[in-house]
$ cat protein-v6.txt   # compact mmCIF, C-alpha atoms
# COMPACT_ATOMS: atom_id res chain seq x y z
CA MET A 1 117.06 106.97 195.05
CA SER A 2 113.52 106.04 196.17
CA ASP A 3 111.23 108.48 197.90
CA ASN A 4 110.62 107.28 201.48
CA LYS A 5 107.33 109.16 201.57
CA ASN A 6 105.90 106.72 199.02
CA GLU A 7 107.12 103.63 200.86
CA ILE A 8 104.20 101.51 202.09
CA ILE A 9 104.28 101.25 205.89
CA ILE A 10 100.89 99.54 206.47
CA SER A 11 98.92 97.30 204.12
CA LYS A 12 95.65 95.56 205.00
CA GLU A 13 92.84 93.77 203.18
CA TYR A 14 89.28 94.44 204.33
CA HIS A 15 85.61 94.55 203.44
CA ILE A 16 82.95 97.02 204.58
CA PRO A 17 79.82 95.62 206.29
CA ILE A 18 76.68 97.25 204.94
CA GLU A 19 75.78 98.49 208.44
CA MET A 20 79.15 100.23 208.75
CA PHE A 21 78.76 101.87 205.37
CA ALA A 22 75.30 103.14 206.34
CA SER A 23 76.65 104.54 209.60
CA ALA A 24 79.62 106.12 207.81
CA PHE A 25 77.40 107.82 205.25
CA LYS A 26 75.22 109.27 208.01
CA ASP A 27 78.34 110.58 209.75
CA PHE A 28 79.55 112.02 206.46
CA GLN A 29 76.27 113.87 205.99
CA LYS A 30 76.21 115.13 209.58
CA LYS A 31 79.74 116.47 209.36
CA PHE A 32 79.94 117.79 205.80
CA VAL A 33 76.37 118.24 204.52
CA TYR A 34 74.14 119.17 207.44
CA PRO A 35 76.08 122.30 208.53
CA LYS A 36 75.17 123.99 205.24
CA ASN A 37 71.57 122.89 205.69
CA TYR A 38 71.48 124.42 209.17
CA ILE A 39 72.62 127.78 207.81
CA MET A 40 70.14 127.74 204.93
CA THR A 41 67.33 126.65 207.26
CA VAL A 42 67.98 129.62 209.54
CA VAL A 43 68.03 132.02 206.57
CA LEU A 44 64.84 130.64 205.03
CA ALA A 45 63.08 130.49 208.40
CA PHE A 46 64.01 134.14 209.04
CA ILE A 47 62.56 135.13 205.66
CA ALA A 48 59.40 133.13 206.32
CA VAL A 49 58.92 134.70 209.76
CA SER A 50 59.46 138.18 208.32
CA TYR A 51 56.78 137.66 205.69
CA THR A 52 54.51 136.04 208.27
CA SER A 53 54.58 139.32 210.22
CA SER A 54 53.67 141.17 207.03
CA LEU A 55 50.88 138.68 206.35
CA ILE A 56 49.41 139.24 209.79
CA LYS A 57 49.26 142.96 209.09
CA ASN A 58 47.84 142.40 205.63
CA PRO A 59 46.03 139.01 205.48
CA GLY A 60 45.14 139.47 201.83
CA ASN A 61 48.74 139.71 200.63
CA SER A 62 49.11 136.67 198.34
CA VAL A 63 52.79 137.41 197.70
CA CYS A 64 53.56 136.87 201.38
CA VAL A 65 51.68 133.56 201.33
CA LEU A 66 53.59 132.43 198.26
CA ILE A 67 56.98 133.31 199.78
CA ILE A 68 56.15 131.57 203.06
CA ILE A 69 55.07 128.41 201.22
CA LEU A 70 58.19 128.57 199.05
CA CYS A 71 60.48 128.87 202.08
CA ALA A 72 58.73 125.98 203.83
CA GLY A 73 59.01 123.85 200.69
CA LEU A 74 62.71 124.63 200.29
CA ILE A 75 63.40 123.72 203.91
CA PHE A 76 61.49 120.45 203.58
CA GLY A 77 63.20 119.53 200.31
CA MET A 78 66.61 120.46 201.64
CA TRP A 79 66.30 118.02 204.55
CA MET A 80 64.55 115.28 202.59
CA ASN A 81 67.23 115.26 199.89
CA PRO A 82 69.98 113.74 202.12
CA VAL A 83 67.56 111.03 203.24
CA MET A 84 66.63 110.17 199.66
CA ILE A 85 70.29 110.14 198.61
CA ARG A 86 71.16 107.87 201.54
CA ASN A 87 68.35 105.41 200.73
CA LYS A 88 69.30 105.33 197.05
CA LEU A 89 72.98 104.83 197.85
CA MET A 90 72.29 101.98 200.26
CA LYS A 91 70.29 100.16 197.58
CA SER A 92 73.12 100.57 195.10
CA VAL A 93 75.86 99.30 197.45
CA SER A 94 73.90 96.31 198.76
CA GLY A 95 75.10 94.25 195.80
CA ILE A 96 78.81 94.89 196.44
CA GLN A 97 78.92 94.53 200.21
CA ASN A 98 81.09 91.41 199.91
CA ASP A 99 83.71 93.09 197.75
CA ARG A 100 87.15 93.22 199.31
CA TYR A 101 89.60 96.10 199.27
CA ILE A 102 93.23 96.77 200.07
CA ALA A 103 94.31 99.87 202.01
CA GLU A 104 97.98 100.81 201.85
CA PHE A 105 99.43 103.69 203.83
CA SER A 106 102.63 105.61 203.19
CA ASP A 107 103.84 108.64 205.14
CA ASP A 108 101.46 111.02 203.39
CA CYS A 109 99.21 108.94 201.14
CA LEU A 110 96.51 106.29 201.24
CA TYR A 111 96.19 103.86 198.32
CA ILE A 112 92.91 101.96 197.92
CA SER A 113 92.36 99.14 195.45
CA THR A 114 90.06 96.17 195.06
CA THR A 115 90.75 92.46 195.06
CA ASP A 116 88.86 90.04 192.80
CA CYS A 117 85.22 90.96 192.38
CA ASP A 118 82.87 87.93 192.56
CA GLU A 119 80.17 89.72 190.62
CA PHE A 120 82.57 90.39 187.75
CA GLU A 121 83.85 86.83 187.78
CA ASN A 122 80.31 85.45 187.51
CA THR A 123 79.57 87.77 184.61
CA ALA A 124 82.84 86.91 182.89
CA ASP A 125 82.22 83.17 183.35
CA ALA A 126 78.75 83.49 181.85
CA ALA A 127 80.11 85.41 178.89
CA GLN A 128 82.86 82.85 178.38
CA GLU A 129 80.35 80.00 178.55
CA GLU A 130 78.18 81.66 175.93
CA THR A 131 81.22 82.14 173.70
CA ASN A 132 82.15 78.48 174.04
CA ASP A 133 78.70 77.43 172.81
CA HIS A 134 79.46 79.02 169.43
CA ASP A 135 83.05 77.83 169.14
CA ASP A 136 82.22 74.62 167.27
CA GLU A 137 80.28 76.47 164.57
CA GLN A 138 82.40 79.57 164.14
CA GLU A 139 85.84 78.55 165.35
CA ASP A 140 87.69 80.02 162.38
CA GLU A 141 85.88 83.36 162.52
CA ASP A 142 86.27 83.64 166.28
CA ASP A 143 89.96 82.89 166.11
CA PHE A 144 90.41 85.52 163.43
CA PHE A 145 88.80 88.36 165.37
CA LYS A 146 89.79 87.25 168.84
CA GLU A 147 92.78 88.88 170.54
CA PRO A 148 94.81 85.94 171.91
CA GLU A 149 95.69 85.73 175.58
CA GLU A 150 93.91 88.99 176.41
CA LYS A 151 92.14 89.02 179.74
CA ILE A 152 89.89 91.65 181.21
CA SER A 153 91.24 92.97 184.47
CA ASP A 154 89.04 92.08 187.45
CA SER A 155 90.34 94.79 189.72
CA ILE A 156 90.16 98.56 189.80
CA PRO A 157 93.45 100.52 189.63
CA LYS A 158 94.72 101.96 192.88
CA THR A 159 93.25 105.24 194.02
CA GLN A 160 95.89 107.53 195.51
CA ILE A 161 94.75 109.96 198.22
CA ASN A 162 97.28 112.49 199.45
CA PHE A 163 96.43 113.69 202.97
CA ILE A 164 98.13 117.06 202.62
CA HIS A 165 95.92 118.24 199.75
CA ASP A 166 93.38 120.93 200.65
CA ASP A 167 90.43 118.94 199.28
CA ILE A 168 91.02 115.93 201.56
CA ARG A 169 89.25 115.60 204.92
CA THR A 170 89.75 112.64 207.25
CA LEU A 171 87.41 111.81 210.10
CA GLU A 172 87.90 109.28 212.90
CA LYS A 173 84.95 107.42 214.41
CA ASN A 174 84.80 104.58 216.92
CA ASP A 175 84.83 101.81 214.32
CA TYR A 176 86.31 103.34 211.18
CA PHE A 177 88.13 106.16 209.43
CA LEU A 178 86.26 108.21 206.85
CA VAL A 179 88.29 109.81 204.06
CA TYR A 180 86.41 112.52 202.16
CA ILE A 181 87.52 113.99 198.83
CA VAL A 182 85.58 117.26 198.76
CA LYS A 183 82.66 117.31 196.30
CA LYS A 184 83.76 113.98 194.81
CA THR A 185 83.53 110.86 196.97
CA PHE A 186 84.47 109.30 200.30
CA TYR A 187 86.06 106.07 201.49
CA VAL A 188 85.50 104.01 204.64
CA VAL A 189 88.35 102.07 206.26
CA PRO A 190 87.44 99.84 209.25
CA LYS A 191 89.63 100.20 212.32
CA ASN A 192 89.32 96.60 213.50
CA ILE A 193 91.76 95.39 210.84
CA PHE A 194 94.61 97.36 212.44
CA THR A 195 96.56 96.91 215.66
CA HIS A 196 96.61 99.68 218.25
CA ASP A 197 100.07 100.80 217.14
CA GLU A 198 98.98 100.83 213.49
CA ILE A 199 95.98 102.99 214.33
CA GLU A 200 98.22 105.49 216.08
CA THR A 201 100.52 105.52 213.05
CA ILE A 202 97.56 106.12 210.74
CA LYS A 203 96.29 108.96 212.92
CA ASN A 204 99.73 110.55 212.81
CA THR A 205 99.75 110.39 209.02
CA PHE A 206 96.21 111.77 208.79
CA SER A 207 97.15 114.63 211.11
CA LYS A 208 99.53 115.97 208.44
CA GLY A 209 96.39 117.15 206.63
CA LYS A 210 92.88 118.13 207.70
CA PHE A 211 92.16 115.43 210.27
CA ILE A 212 89.25 115.38 212.73
CA PRO A 213 90.14 112.98 215.59
CA LEU A 214 87.58 110.97 217.52
CA LYS A 215 87.28 113.46 220.37
CA ASN A 216 86.25 116.22 217.92
CA SER A 217 84.11 114.15 215.56
CA LYS A 218 81.10 113.59 217.79
$ encode --input "protein-v6.txt" --output "structure tokens"
Amino acid sequence: MSDNKNEIIISKEYHIPIEMFASAFKDFQKKFVYPKNYIMTVVLAFIAVSYTSSLIKNPGNSVCVLIIILCAGLIFGMWMNPVMIRNKLMKSVSGIQNDRYIAEFSDDCLYISTTDCDEFENTADAAQEETNDHDDEQEDEDDFFKEPEEKISDSIPKTQINFIHDDIRTLEKNDYFLVYIVKKTFYVVPKNIFTHDEIETIKNTFSKGKFIPLKNSK
């Protein structure tokens, strides 16, 4: 007997505009990265202020100067790092912004997979064309070593995300859902591909785990 929990109830194809991905990554950082930075900033600032008081009392204390500079540098680096990561990530995803994905929802899982990747197809076509150029000269050798009928898959296997696992966080924003696998990766699913009823269904499935609805995600 089949498990109804694994039955697909919603399936949609979509792509992620580069602007949406940039916005989603900022929201991801604000919600899951910045809180730790706030805490560390307060701690480091407290240490720096404490040693500043000591430095005022003893202006020649080089240790206090060193600690203050170190704290300031750590604070600066801590807040610059997310910006640098964001800029680097946006450069890396600019080449795949036209890729298309499929999101499939069951009662407690989200499955994400890709459709055909144009970039891969272009690369595969170029490789095939180069191979064909040598066919006339080395047909026998090529046929001997070649594995007949074998084709390279142009899609990535489905990624299964179970909402009820402790390391899954889901966040709702105005234009998309953000699914975060703690310390691993995150996925963006646009909301405009779903009907109102489908969105409500998705929110109900997300709420079985650690879900932050729109009203609490500001």
$ residues_around --input "protein-v6.txt" --residues "range 99-111 of chain A" --least-positions-apart "2" --cutoff "7 Å" --atoms "all atoms listed in the file" --output "PyMOL selection string"
chain A and resi 5-15+96-97+113-115+117+158-164+205
$ closest_residue --input "protein-v6.txt" --among "A:Ala48, A:Gly209, A:Asn81, A:Lys173" --to "Leu66 in chain A" --atoms "all atoms listed in the file"
A:Ala48
$ atom_distance --input "protein-v6.txt" --atom1 "CA of Val33 in chain A" --atom2 "CA of Ile202 in chain A"
25.2 Å
$ closest_residue --input "protein-v6.txt" --among "A:Leu74, A:Val65, A:Val189, A:Met20" --to "Ala45 in chain A" --atoms "all atoms listed in the file"
A:Leu74
$ closest_residue --input "protein-v6.txt" --among "A:Leu214, A:Ile168, A:Ile85, A:Val43" --to "Gln29 in chain A" --atoms "only C-alpha atoms"
A:Ile85
$ closest_residue --input "protein-v6.txt" --among "A:Val182, A:Leu70, A:Val188, A:Met84" --to "Phe32 in chain A" --atoms "only C-alpha atoms"
A:Val182
$ residues_around --input "protein-v6.txt" --residues "Asn216 in chain A" --least-positions-apart "2" --cutoff "12 Å" --atoms "only C-alpha atoms" --output "list in words"
Lys31, Thr170, Leu171, Glu172, Lys173, Asn174, Phe211, Ile212, Pro213, Leu214 and Lys218 of chain A
$ atom_distance --input "protein-v6.txt" --atom1 "CA of Glu19 in chain A" --atom2 "CA of Thr195 in chain A"
22.1 Å
$ axis_aligned_box --input "protein-v6.txt" --around "range 54-68 of chain A" --padding-each-side "5 Å" --output "JSON"
{"center_x": 51.1, "center_y": 137.3, "center_z": 203.7, "size_x": 21.8, "size_y": 21.4, "size_z": 22.1}
$ residues_around --input "protein-v6.txt" --residues "Ile68 in chain A" --least-positions-apart "2" --cutoff "12 Å" --atoms "all atoms listed in the file" --output "PDB file with C-alpha atoms, in the frame of the given file"
ATOM      1  CA  LEU A  44      64.840 130.640 205.030  1.00  0.00           C
ATOM      2  CA  ALA A  45      63.080 130.490 208.400  1.00  0.00           C
ATOM      3  CA  PHE A  46      64.010 134.140 209.040  1.00  0.00           C
ATOM      4  CA  ILE A  47      62.560 135.130 205.660  1.00  0.00           C
ATOM      5  CA  ALA A  48      59.400 133.130 206.320  1.00  0.00           C
ATOM      6  CA  VAL A  49      58.920 134.700 209.760  1.00  0.00           C
ATOM      7  CA  SER A  50      59.460 138.180 208.320  1.00  0.00           C
ATOM      8  CA  TYR A  51      56.780 137.660 205.690  1.00  0.00           C
ATOM      9  CA  THR A  52      54.510 136.040 208.270  1.00  0.00           C
ATOM     10  CA  SER A  53      54.580 139.320 210.220  1.00  0.00           C
ATOM     11  CA  SER A  54      53.670 141.170 207.030  1.00  0.00           C
ATOM     12  CA  LEU A  55      50.880 138.680 206.350  1.00  0.00           C
ATOM     13  CA  ASN A  61      48.740 139.710 200.630  1.00  0.00           C
ATOM     14  CA  SER A  62      49.110 136.670 198.340  1.00  0.00           C
ATOM     15  CA  VAL A  63      52.790 137.410 197.700  1.00  0.00           C
ATOM     16  CA  CYS A  64      53.560 136.870 201.380  1.00  0.00           C
ATOM     17  CA  VAL A  65      51.680 133.560 201.330  1.00  0.00           C
ATOM     18  CA  LEU A  66      53.590 132.430 198.260  1.00  0.00           C
ATOM     19  CA  LEU A  70      58.190 128.570 199.050  1.00  0.00           C
ATOM     20  CA  CYS A  71      60.480 128.870 202.080  1.00  0.00           C
ATOM     21  CA  ALA A  72      58.730 125.980 203.830  1.00  0.00           C
ATOM     22  CA  GLY A  73      59.010 123.850 200.690  1.00  0.00           C
ATOM     23  CA  LEU A  74      62.710 124.630 200.290  1.00  0.00           C
ATOM     24  CA  ILE A  75      63.400 123.720 203.910  1.00  0.00           C
TER      25      ILE A  75
END
$ atom_distance --input "protein-v6.txt" --atom1 "CA of Asn87 in chain A" --atom2 "CA of Phe28 in chain A"
14.2 Å
$ residues_around --input "protein-v6.txt" --residues "Asp167 in chain A" --least-positions-apart "2" --cutoff "8 Å" --atoms "all atoms listed in the file" --output "mmCIF file with C-alpha atoms, in the coordinates of the input"
data_model
loop_
_atom_site.group_PDB
_atom_site.id
_atom_site.type_symbol
_atom_site.label_atom_id
_atom_site.label_comp_id
_atom_site.auth_asym_id
_atom_site.auth_seq_id
_atom_site.Cartn_x
_atom_site.Cartn_y
_atom_site.Cartn_z
ATOM 1 C CA HIS A 165 95.920 118.240 199.750
ATOM 2 C CA ARG A 169 89.250 115.600 204.920
ATOM 3 C CA ILE A 181 87.520 113.990 198.830
ATOM 4 C CA VAL A 182 85.580 117.260 198.760
#
$ closest_residue --input "protein-v6.txt" --among "A:Phe206, A:Trp79, A:Tyr176, A:Phe194" --to "Asp27 in chain A" --atoms "only C-alpha atoms"
A:Tyr176
$ closest_residue --input "protein-v6.txt" --among "A:Leu178, A:Gly77, A:Ile56, A:Pro82" --to "Ser217 in chain A" --atoms "all atoms listed in the file"
A:Leu178
$ build_atoms --input "protein-v6.txt" --residues "range 12-32 of chain A" --atoms "N, CA and C atoms" --output "PDB file, in the frame of the given file"
ATOM      1  N   LYS A  12      96.658  96.454 204.461  1.00  0.00           N
ATOM      2  CA  LYS A  12      95.650  95.560 205.000  1.00  0.00           C
ATOM      3  C   LYS A  12      94.540  95.314 203.980  1.00  0.00           C
ATOM      4  N   GLU A  13      94.006  94.106 204.001  1.00  0.00           N
ATOM      5  CA  GLU A  13      92.840  93.770 203.180  1.00  0.00           C
ATOM      6  C   GLU A  13      91.604  93.829 204.070  1.00  0.00           C
ATOM      7  N   TYR A  14      90.493  94.287 203.515  1.00  0.00           N
ATOM      8  CA  TYR A  14      89.280  94.440 204.330  1.00  0.00           C
ATOM      9  C   TYR A  14      88.036  94.425 203.458  1.00  0.00           C
ATOM     10  N   HIS A  15      86.892  94.311 204.110  1.00  0.00           N
ATOM     11  CA  HIS A  15      85.610  94.550 203.440  1.00  0.00           C
ATOM     12  C   HIS A  15      84.785  95.434 204.370  1.00  0.00           C
ATOM     13  N   ILE A  16      83.763  96.064 203.820  1.00  0.00           N
ATOM     14  CA  ILE A  16      82.950  97.020 204.580  1.00  0.00           C
ATOM     15  C   ILE A  16      81.561  96.446 204.794  1.00  0.00           C
ATOM     16  N   PRO A  17      81.187  96.081 206.027  1.00  0.00           N
ATOM     17  CA  PRO A  17      79.820  95.620 206.290  1.00  0.00           C
ATOM     18  C   PRO A  17      78.814  96.704 205.907  1.00  0.00           C
ATOM     19  N   ILE A  18      77.677  96.297 205.408  1.00  0.00           N
ATOM     20  CA  ILE A  18      76.680  97.250 204.940  1.00  0.00           C
ATOM     21  C   ILE A  18      76.232  98.184 206.068  1.00  0.00           C
ATOM     22  N   GLU A  19      76.180  97.662 207.301  1.00  0.00           N
ATOM     23  CA  GLU A  19      75.780  98.490 208.440  1.00  0.00           C
ATOM     24  C   GLU A  19      76.812  99.593 208.708  1.00  0.00           C
ATOM     25  N   MET A  20      78.091  99.239 208.549  1.00  0.00           N
ATOM     26  CA  MET A  20      79.150 100.230 208.750  1.00  0.00           C
ATOM     27  C   MET A  20      79.099 101.302 207.685  1.00  0.00           C
ATOM     28  N   PHE A  21      78.834 100.894 206.444  1.00  0.00           N
ATOM     29  CA  PHE A  21      78.760 101.870 205.370  1.00  0.00           C
ATOM     30  C   PHE A  21      77.598 102.831 205.604  1.00  0.00           C
ATOM     31  N   ALA A  22      76.458 102.294 206.056  1.00  0.00           N
ATOM     32  CA  ALA A  22      75.300 103.140 206.340  1.00  0.00           C
ATOM     33  C   ALA A  22      75.610 104.142 207.442  1.00  0.00           C
ATOM     34  N   SER A  23      76.272 103.666 208.502  1.00  0.00           N
ATOM     35  CA  SER A  23      76.650 104.540 209.600  1.00  0.00           C
ATOM     36  C   SER A  23      77.642 105.607 209.148  1.00  0.00           C
ATOM     37  N   ALA A  24      78.601 105.192 208.306  1.00  0.00           N
ATOM     38  CA  ALA A  24      79.620 106.120 207.810  1.00  0.00           C
ATOM     39  C   ALA A  24      78.987 107.202 206.940  1.00  0.00           C
ATOM     40  N   PHE A  25      78.022 106.829 206.116  1.00  0.00           N
ATOM     41  CA  PHE A  25      77.400 107.820 205.250  1.00  0.00           C
ATOM     42  C   PHE A  25      76.587 108.822 206.059  1.00  0.00           C
ATOM     43  N   LYS A  26      75.936 108.351 207.121  1.00  0.00           N
ATOM     44  CA  LYS A  26      75.220 109.270 208.010  1.00  0.00           C
ATOM     45  C   LYS A  26      76.191 110.246 208.670  1.00  0.00           C
ATOM     46  N   ASP A  27      77.324 109.717 209.126  1.00  0.00           N
ATOM     47  CA  ASP A  27      78.340 110.580 209.750  1.00  0.00           C
ATOM     48  C   ASP A  27      78.895 111.580 208.752  1.00  0.00           C
ATOM     49  N   PHE A  28      79.092 111.123 207.518  1.00  0.00           N
ATOM     50  CA  PHE A  28      79.550 112.020 206.460  1.00  0.00           C
ATOM     51  C   PHE A  28      78.563 113.164 206.262  1.00  0.00           C
ATOM     52  N   GLN A  29      77.281 112.846 206.193  1.00  0.00           N
ATOM     53  CA  GLN A  29      76.270 113.870 205.990  1.00  0.00           C
ATOM     54  C   GLN A  29      76.204 114.836 207.181  1.00  0.00           C
ATOM     55  N   LYS A  30      76.271 114.286 208.389  1.00  0.00           N
ATOM     56  CA  LYS A  30      76.210 115.130 209.580  1.00  0.00           C
ATOM     57  C   LYS A  30      77.371 116.120 209.638  1.00  0.00           C
ATOM     58  N   LYS A  31      78.545 115.654 209.217  1.00  0.00           N
ATOM     59  CA  LYS A  31      79.740 116.470 209.360  1.00  0.00           C
ATOM     60  C   LYS A  31      79.942 117.431 208.191  1.00  0.00           C
ATOM     61  N   PHE A  32      79.588 117.002 206.977  1.00  0.00           N
ATOM     62  CA  PHE A  32      79.940 117.790 205.800  1.00  0.00           C
ATOM     63  C   PHE A  32      78.751 118.303 204.984  1.00  0.00           C
TER      64      PHE A  32
END
